[in-house]
Structure formats: structure tokens, C-alpha cells
>>> print(open('data_11.cif').read())   # mmCIF, C-alpha atoms
data_input
loop_
_atom_site.label_atom_id
_atom_site.label_comp_id
_atom_site.auth_asym_id
_atom_site.auth_seq_id
_atom_site.Cartn_x
_atom_site.Cartn_y
_atom_site.Cartn_z
CA MET A 209 88.75 120.85 82.46
CA THR A 210 88.14 117.63 84.35
CA GLN A 211 89.78 114.42 83.20
CA PRO A 212 87.51 111.44 82.33
CA GLU A 213 87.50 108.73 84.95
CA ALA A 214 89.59 105.69 84.11
CA SER A 215 87.73 102.49 83.29
CA PRO A 216 87.77 99.99 86.17
CA ALA A 217 90.31 97.25 85.83
CA GLY A 218 89.03 93.76 85.09
CA VAL A 219 88.72 91.28 87.94
CA ILE A 220 89.12 87.53 87.63
CA HIS A 221 86.87 85.55 89.96
CA ASN A 222 87.72 82.00 90.92
CA ILE A 223 84.31 80.27 90.63
CA GLY A 224 85.66 76.78 91.05
CA TYR A 225 85.48 75.25 87.57
CA ARG A 226 87.03 71.80 87.60
CA ALA A 227 87.43 69.15 84.98
CA TYR A 228 85.35 66.00 85.39
CA ASP A 229 87.61 63.25 86.68
CA GLY A 230 85.01 60.55 87.42
CA GLU A 231 84.25 57.37 85.51
CA ARG A 232 83.09 57.88 81.95
CA LEU A 233 80.44 55.42 80.88
CA PRO A 234 80.96 53.48 77.66
CA ARG A 235 78.33 53.34 74.93
CA ARG A 236 76.53 50.43 76.57
CA GLY A 237 76.46 52.19 79.92
CA VAL A 238 74.99 55.36 78.42
CA ALA A 239 72.29 53.34 76.66
CA LEU A 240 71.45 51.60 79.93
CA ALA A 241 71.23 54.96 81.69
CA LEU A 242 68.86 56.24 79.00
CA TYR A 243 66.76 53.08 79.38
CA SER A 244 66.54 53.59 83.15
CA HIS A 245 65.75 57.29 82.76
CA THR A 246 62.99 56.57 80.24
CA LEU A 247 61.46 53.80 82.36
CA ARG A 248 61.32 56.13 85.37
CA GLY A 249 59.84 58.89 83.25
CA VAL A 250 57.08 56.62 81.93
CA PHE A 251 55.83 56.18 85.50
CA GLY A 252 56.41 59.84 86.35
CA LEU A 253 59.19 59.09 88.83
CA GLY A 254 61.41 62.09 89.48
CA ARG A 255 58.81 64.42 87.96
CA ALA A 256 55.92 66.52 89.24
CA ALA A 257 53.07 64.81 91.11
CA ARG A 258 50.63 65.38 88.24
CA SER A 259 52.88 63.32 85.97
CA LYS A 260 52.26 60.27 88.17
CA VAL A 261 48.46 60.48 88.09
CA VAL A 262 47.78 58.66 84.82
CA PRO A 263 50.48 55.95 84.94
CA PHE A 264 49.83 55.00 88.56
CA GLY A 265 46.11 55.42 88.01
CA MET A 266 46.30 52.80 85.27
CA VAL A 267 48.38 50.56 87.54
CA ALA A 268 45.59 50.78 90.11
CA VAL A 269 42.95 50.09 87.46
CA MET A 270 44.88 46.98 86.42
CA LEU A 271 45.45 45.73 89.98
CA VAL A 272 42.02 46.24 91.53
CA PRO A 273 40.17 43.71 89.32
CA ALA A 274 42.99 41.19 89.87
CA ILE A 275 42.69 41.59 93.65
CA VAL A 276 38.93 41.16 93.44
CA LEU A 277 39.30 38.05 91.28
CA ALA A 278 41.86 36.60 93.69
CA VAL A 279 39.56 37.16 96.66
CA VAL A 280 36.58 35.70 94.80
CA SER A 281 38.62 32.62 93.87
CA VAL A 282 39.60 32.05 97.49
CA VAL A 283 36.04 32.49 98.79
CA MET A 284 34.33 30.40 96.11
CA ALA A 285 36.96 27.67 96.26
CA GLY A 286 36.53 27.52 100.04
CA GLN A 287 32.84 26.86 99.46
CA GLY A 288 33.59 24.20 96.87
CA MET A 289 31.95 26.20 94.07
CA ILE A 290 34.94 26.36 91.67
CA ALA A 291 38.06 24.33 90.96
CA GLU A 292 39.93 26.87 88.81
CA PRO A 293 40.29 30.68 88.59
CA VAL A 294 37.22 32.67 87.59
CA LEU A 295 39.08 34.33 84.71
CA PRO A 296 41.92 32.64 82.76
CA TYR A 297 45.22 34.50 83.01
CA THR A 298 45.56 34.78 79.23
CA ARG A 299 42.31 36.75 78.99
CA TYR A 300 43.22 39.44 81.50
CA ALA A 301 45.02 41.73 79.04
CA MET A 302 42.04 41.71 76.72
CA VAL A 303 39.56 42.37 79.53
CA THR A 304 41.58 45.37 80.75
CA GLN A 305 42.74 46.55 77.33
CA ALA A 306 41.26 50.04 77.75
CA ALA A 307 43.61 50.74 80.66
CA VAL A 308 46.54 49.26 78.72
CA ALA A 309 45.76 51.45 75.70
CA ILE A 310 45.55 54.59 77.84
CA PHE A 311 48.86 53.74 79.50
CA VAL A 312 50.61 53.24 76.15
CA ALA A 313 49.03 56.38 74.69
CA VAL A 314 50.36 58.51 77.55
CA ALA A 315 53.72 56.76 77.99
CA ALA A 316 54.91 56.68 74.37
CA PRO A 317 54.78 60.48 73.81
CA GLN A 318 56.39 60.95 77.21
CA ALA A 319 59.26 58.75 76.03
CA VAL A 320 60.01 60.40 72.69
CA SER A 321 57.80 63.38 71.81
CA LEU A 322 59.26 65.63 74.48
CA ASP A 323 62.78 64.99 73.18
CA LEU A 324 61.65 66.21 69.76
CA ARG A 325 59.83 69.21 71.16
CA PHE A 326 62.66 70.47 73.35
CA HIS A 327 65.44 69.41 70.94
CA THR A 328 67.25 67.32 73.54
CA LEU A 329 68.19 64.59 71.08
CA PRO A 330 71.56 66.23 70.24
CA LEU A 331 72.50 66.02 73.92
CA TYR A 332 71.90 62.27 73.94
CA LEU A 333 73.79 61.75 70.71
CA SER A 334 76.77 63.95 71.54
CA ARG A 335 78.95 60.92 72.38
CA PRO A 336 79.16 57.93 72.55
CA LEU A 337 75.43 57.10 72.12
CA GLU A 338 74.30 56.29 68.56
CA ARG A 339 70.85 56.78 67.07
CA VAL A 340 70.17 53.05 67.05
CA ASP A 341 71.04 52.94 70.76
CA TYR A 342 68.47 55.65 71.40
CA VAL A 343 65.78 53.68 69.57
CA ARG A 344 66.59 50.44 71.38
CA ALA A 345 66.65 52.10 74.79
CA LYS A 346 63.28 53.77 74.24
CA LEU A 347 61.67 50.59 72.90
CA ALA A 348 63.06 48.46 75.70
CA ALA A 349 61.97 50.93 78.38
CA LEU A 350 58.39 51.27 77.15
CA ALA A 351 58.07 47.52 76.56
CA THR A 352 59.33 46.88 80.10
CA ALA A 353 56.78 49.31 81.51
CA VAL A 354 53.89 47.70 79.62
CA PHE A 355 55.04 44.23 80.62
CA LEU A 356 55.18 45.24 84.30
CA LEU A 357 51.71 46.74 83.97
CA LEU A 358 50.40 43.39 82.69
CA ALA A 359 52.51 41.06 84.82
CA ALA A 360 51.68 42.57 88.22
CA PRO A 361 47.95 41.68 88.18
CA LEU A 362 48.72 38.24 86.76
CA LEU A 363 50.97 37.54 89.74
CA VAL A 364 48.22 38.73 92.10
CA MET A 365 45.76 36.34 90.46
CA TYR A 366 48.33 33.54 90.64
CA LEU A 367 48.87 34.05 94.37
CA GLY A 368 45.12 34.07 94.85
CA ALA A 369 44.82 30.79 92.95
CA LEU A 370 47.49 29.19 95.13
CA ALA A 371 45.76 30.48 98.26
CA ALA A 372 42.52 28.97 96.96
CA GLY A 373 44.20 25.57 96.79
CA PHE A 374 44.16 25.14 93.01
CA ASP A 375 46.73 22.79 91.47
CA ALA A 376 50.06 24.63 91.65
CA GLY A 377 51.56 22.95 88.59
CA THR A 378 48.60 23.81 86.37
CA GLN A 379 48.46 27.38 87.64
CA THR A 380 52.18 27.87 87.07
CA VAL A 381 51.96 26.66 83.48
CA GLU A 382 48.98 28.92 82.78
CA LEU A 383 50.73 31.87 84.40
CA LEU A 384 53.82 31.36 82.23
CA GLN A 385 51.61 31.23 79.14
CA ALA A 386 50.00 34.52 80.14
CA LEU A 387 53.39 36.10 80.84
CA ALA A 388 54.56 35.04 77.38
CA GLY A 389 51.47 36.74 75.98
CA ALA A 390 52.28 39.82 78.06
CA VAL A 391 55.71 39.98 76.43
CA LEU A 392 54.07 39.96 73.00
CA PHE A 393 51.49 42.57 73.98
CA ALA A 394 54.29 44.78 75.35
CA ALA A 395 56.46 44.42 72.23
CA VAL A 396 53.64 45.06 69.75
CA LEU A 397 51.94 47.93 71.58
CA SER A 398 55.22 49.65 72.46
CA GLY A 399 56.47 49.51 68.89
CA ILE A 400 53.25 50.89 67.45
CA GLY A 401 52.95 53.55 70.14
CA LEU A 402 56.52 54.82 69.70
CA VAL A 403 56.29 54.93 65.91
CA ILE A 404 53.19 57.13 66.15
CA ALA A 405 54.63 59.30 68.93
CA SER A 406 57.88 59.84 67.05
CA LEU A 407 56.00 61.55 64.23
CA THR A 408 54.97 64.56 66.30
CA ALA A 409 56.61 66.82 68.85
CA ARG A 410 53.20 67.63 70.34
CA ARG A 411 52.48 65.27 73.20
CA GLY A 412 48.71 65.78 73.00
CA PHE A 413 48.63 64.87 69.32
CA GLY A 414 50.59 61.71 70.05
CA VAL A 415 48.23 60.65 72.84
CA ALA A 416 45.16 61.22 70.66
CA ALA A 417 46.66 59.43 67.65
CA ILE A 418 47.71 56.35 69.61
CA MET A 419 44.35 56.06 71.36
CA THR A 420 42.57 56.41 68.02
CA VAL A 421 44.65 53.71 66.34
CA LEU A 422 44.35 51.21 69.19
CA ALA A 423 40.70 51.80 70.05
CA LEU A 424 39.43 52.20 66.49
CA SER A 425 41.28 49.18 65.13
CA TYR A 426 39.90 46.96 67.91
CA ALA A 427 36.35 48.27 67.53
CA VAL A 428 36.34 47.84 63.75
CA VAL A 429 37.95 44.38 63.81
CA THR A 430 35.71 42.92 66.51
CA SER A 431 32.62 44.39 64.86
CA MET A 432 33.61 42.83 61.54
CA GLN A 433 34.36 39.51 63.24
CA ALA A 434 30.94 39.48 64.87
CA LEU A 435 29.24 40.45 61.62
CA VAL A 436 31.05 37.90 59.47
CA GLY A 437 31.18 35.15 62.06
CA PHE A 438 27.79 35.29 63.72
CA GLU A 439 25.65 36.93 61.07
CA ALA A 440 27.18 35.36 57.96
CA GLY A 441 28.28 32.17 59.71
CA ASP A 442 31.84 32.29 58.34
CA MET A 443 34.01 31.85 61.43
CA THR A 444 37.15 31.11 59.40
CA THR A 445 37.08 34.47 57.64
CA ALA A 446 36.14 36.14 60.92
CA GLY A 447 39.24 34.64 62.48
CA TRP A 448 41.50 36.03 59.75
CA ILE A 449 40.12 39.53 60.39
CA GLY A 450 41.82 39.38 63.80
CA LEU A 451 45.15 40.03 62.09
CA PHE A 452 44.26 43.71 61.66
CA SER A 453 44.15 44.83 65.30
CA PRO A 454 47.12 44.69 67.70
CA MET A 455 45.01 43.33 70.55
CA THR A 456 43.21 40.61 68.58
CA LEU A 457 46.47 39.75 66.81
CA VAL A 458 48.32 38.89 70.03
CA ASP A 459 45.22 37.24 71.48
CA GLY A 460 45.17 35.04 68.40
CA VAL A 461 48.79 34.03 69.04
CA GLN A 462 47.87 32.93 72.57
CA VAL A 463 44.88 30.95 71.32
CA TRP A 464 46.86 29.25 68.55
CA ALA A 465 50.01 28.54 70.60
CA PHE A 466 48.46 27.50 73.92
CA GLY A 467 44.97 26.37 72.98
CA VAL A 468 43.39 28.81 75.45
CA GLU A 469 40.00 30.46 75.23
CA THR A 470 39.76 33.40 72.84
CA SER A 471 38.71 36.84 74.04
CA SER A 472 37.66 37.91 70.54
CA PRO A 473 34.44 37.09 68.67
CA ALA A 474 36.46 34.64 66.56
CA GLY A 475 39.76 32.89 67.16
CA PRO A 476 42.52 32.21 64.62
CA PRO A 477 42.18 29.38 62.09
CA GLU A 478 43.08 25.99 63.45
CA GLY A 479 46.15 24.04 62.41
CA ALA A 480 49.06 25.33 60.38
CA ALA A 481 47.06 28.26 59.01
CA GLY A 482 46.96 29.78 62.48
CA ALA A 483 50.75 30.13 62.36
CA ALA A 484 50.09 33.31 60.38
CA PHE A 485 49.32 35.05 63.68
CA PRO A 486 52.76 34.62 65.31
CA VAL A 487 54.41 35.34 61.96
CA VAL A 488 52.49 38.61 61.57
CA THR A 489 53.17 39.49 65.20
CA LEU A 490 56.89 39.04 64.67
CA GLY A 491 56.62 41.08 61.48
CA VAL A 492 54.92 43.94 63.34
CA VAL A 493 57.68 43.99 65.97
CA VAL A 494 60.42 44.00 63.34
CA LEU A 495 58.73 46.59 61.12
CA THR A 496 58.09 49.01 63.97
CA TYR A 497 61.73 48.73 65.01
CA LEU A 498 62.87 49.40 61.43
CA ALA A 499 60.41 52.28 61.11
CA LEU A 500 61.72 53.88 64.30
CA SER A 501 65.32 53.42 63.17
CA ALA A 502 64.51 55.03 59.82
CA ARG A 503 62.67 57.86 61.53
CA TYR A 504 65.61 58.73 63.78
CA ARG A 505 68.10 58.52 60.97
CA LYS A 506 66.22 61.46 59.42
CA VAL A 507 65.76 63.56 62.57
CA ARG A 508 67.80 66.75 62.24
CA LEU A 509 70.09 67.53 65.16
#
>>> encode(input="data_11.cif", output="C-alpha cells")
Amino acid sequence: MTQPEASPAGVIHNIGYRAYDGERLPRRGVALALYSHTLRGVFGLGRAARSKVVPFGMVAVMLVPAIVLAVVSVVMAGQGMIAEPVLPYTRYAMVTQAAVAIFVAVAAPQAVSLDLRFHTLPLYLSRPLERVDYVRAKLAALATAVFLLLAAPLLVMYLGALAAGFDAGTQTVELLQALAGAVLFAAVLSGIGLVIASLTARRGFGVAAIMTVLALSYAVVTSMQALVGFEAGDMTTAGWIGLFSPMTLVDGVQVWAFGVETSSPAGPPEGAAGAAFPVVTLGVVVLTYLALSARYRKVRL
């Protein structure tokens, strides 16, 4: 009777595991790394080529009109036809708002929805990052991206105005006003976009919801402003209606604070009453931050 073969002895393989002996980032460093990672992801950097199509497509859509306006300013100023830019800087965000809305609608779900879908949040929060750090990093990254999207064409228009020989001091002041408005647009739109995106792990649902909120609110508000202001002749009430759309809200802040031309059918009320627009804008920024913080306190790890 044959004896059963003996089981092979175990073998230990040296596969080179080593402890990490590099620098360990503190909480602030980890948050900064998450901010950088999110900002790159918004523009599709470090990802597949198809991920860059929409963000860089919107960058191109924002830049092309600015380049055209800059060239037109130089040509028309050279012929003595104009003495200031064709389009005020503070109106550019409103004129190109469709591209801005698409950018936010795509970028916000990219920033947070995928983390919910693939359950990567526990990896971020393992240590030493806190939930509030996650929220701040995501908000800051998306706001930075939207600001860059708005600031780049403004700088192109500014350079065109200087090349056209317009007064440098006046153009610089107007550019700074528009950049301040860009900061507000970035803060408001990023907050709203991230709050909506954080409610779903499905990226497509987030994109559709954000586009619906931004586009529908603007369409309804401007239609009501035109109806009340032009048809009923009540421009004061029409101005107050601007509080109910993110785009007209920030545009109203620019009009009230800087005395620039409105891009809406009706501007904010004059005088102290118009201060409601910056107050509401600040309230939206704070509330969206608090809503995001509350949302991520409840996310299960």
C-alpha cells in the first residue's frame, strides 16, 4: 500500500515590504493636498482625455468671445470709433452664464459625487483629515476653478483695452470690480452646486439637477422681472425678484456696489434697500457651507 505524499513545506517569500519613513503631512497639509487634487480633477488633469473635453471646452467658450472683444476694441479704437471697451467687464459673467452653468454642473459632481459612489470618503477621513476639512477643501477647489474660468477672459479683455489705448487707471478699477464680482459668482455657484451634488452618488443626476436649478431659476426670474417691470411698470418690485436667482443676485450686488450697468431686466433697488443683495449673497454662501457641513456629518463611513 502506497504512502500518501507529504504536503509541501511552506515557503516565505521576501517581497520587500517596508515601513513608510517619509514625511507625514499634518492636518493642514492633507487638506491642501485634497484641495489640489480636487482642483486638478475639476479640469480633468491626470484623468482620461474624455474627462478634459467639457471643462476645457468651457474654458475655450469663455475665452473666444473675450479675444474677439479685445481685437474689436483695438481695431475700433484705432479708427477713433470708441473710447471704452465694447462690453463692460462686470457684464461678462452674465453674458457667458450658460458656459459657467455647464462648467459648475459638470465640476461639482466630479468633486463630490464620485467619492460617495465609490465610498472613498473613509480613506480621506482615516487620519488626520476631519469632515469639515473635506468640505472646506472641496468648496475652495471648486470656487477657485470657477473664479479662474471667469478671471481669464476678463484679463484678456483688460489687455485688449490697454492695447487699444484706453485709460489704464479706469480700466484697472473696472477690472478689479469685475474680479470682485467673479469671486462672488464663484462662491455662490460653487456652494449651490456642491450642495446639490452631495445629495446623490450618481454623477448624471447631479449634473442634471444643477443645470435645472441654475437655468430654470434664471429663466423664471428674468421672465418675471420683464413681466412686472416692463408690462406692469413696477421696476422696484422687478428688482426685488432678482434675489431669487444666483446669477441675478450677484449681478445685483455688482450694480448696487459699483454703480455699473445691470445685465438683468431690472436692477436692485437704489439706496440702502439695495444692501439686501449683498446681505442675501453672504447668507447664501454661509448657508451652503453649513448645509454641506451638516450633510457630511451624516454621511456613513
>>> residues_around(input="data_11.cif", residues="Gln385 in chain A", least_positions_apart="5", cutoff="8 Å", atoms="only C-alpha atoms", output="CSV table (one decimal) with C-alpha atoms, in the coordinates of the input")
chain,number,residue,atom,x,y,z
A,298,THR,CA,45.6,34.8,79.2
A,462,GLN,CA,47.9,32.9,72.6
A,466,PHE,CA,48.5,27.5,73.9
>>> resolve_selection(input="data_11.cif", expression="the PyMOL selection byres ((chain A and resi 370) around 12)", output="JSON, numbers by chain")
{"A": [278, 279, 281, 282, 285, 291, 292, 293, 363, 364, 365, 366, 367, 368, 369, 371, 372, 373, 374, 375, 376, 377, 378, 379, 380, 383]}
>>> residues_near_point(input="data_11.cif", point="(40.6, 32.4, 68.2)", cutoff="8 Å", atoms="all atoms listed in the file", output="PyMOL selection string")
chain A and resi 447+459-460+463-464+469-477
>>> residues_around(input="data_11.cif", residues="Thr444 in chain A", least_positions_apart="2", cutoff="12 Å", atoms="all atoms listed in the file", output="list in words")
Gln433, Ala434, Val436, Gly437, Phe438, Ala440, Gly441, Asp442, Ala446, Gly447, Trp448, Ile449, Gly450, Pro473, Ala474, Gly475, Pro476, Pro477, Glu478, Gly479, Ala481 and Gly482 of chain A
>>> resolve_selection(input="data_11.cif", expression="the PyMOL selection byres ((chain A and resi 329) around 10)", output="ChimeraX atom specification")
/A:320,322-328,330-334,339,342,504,507-509
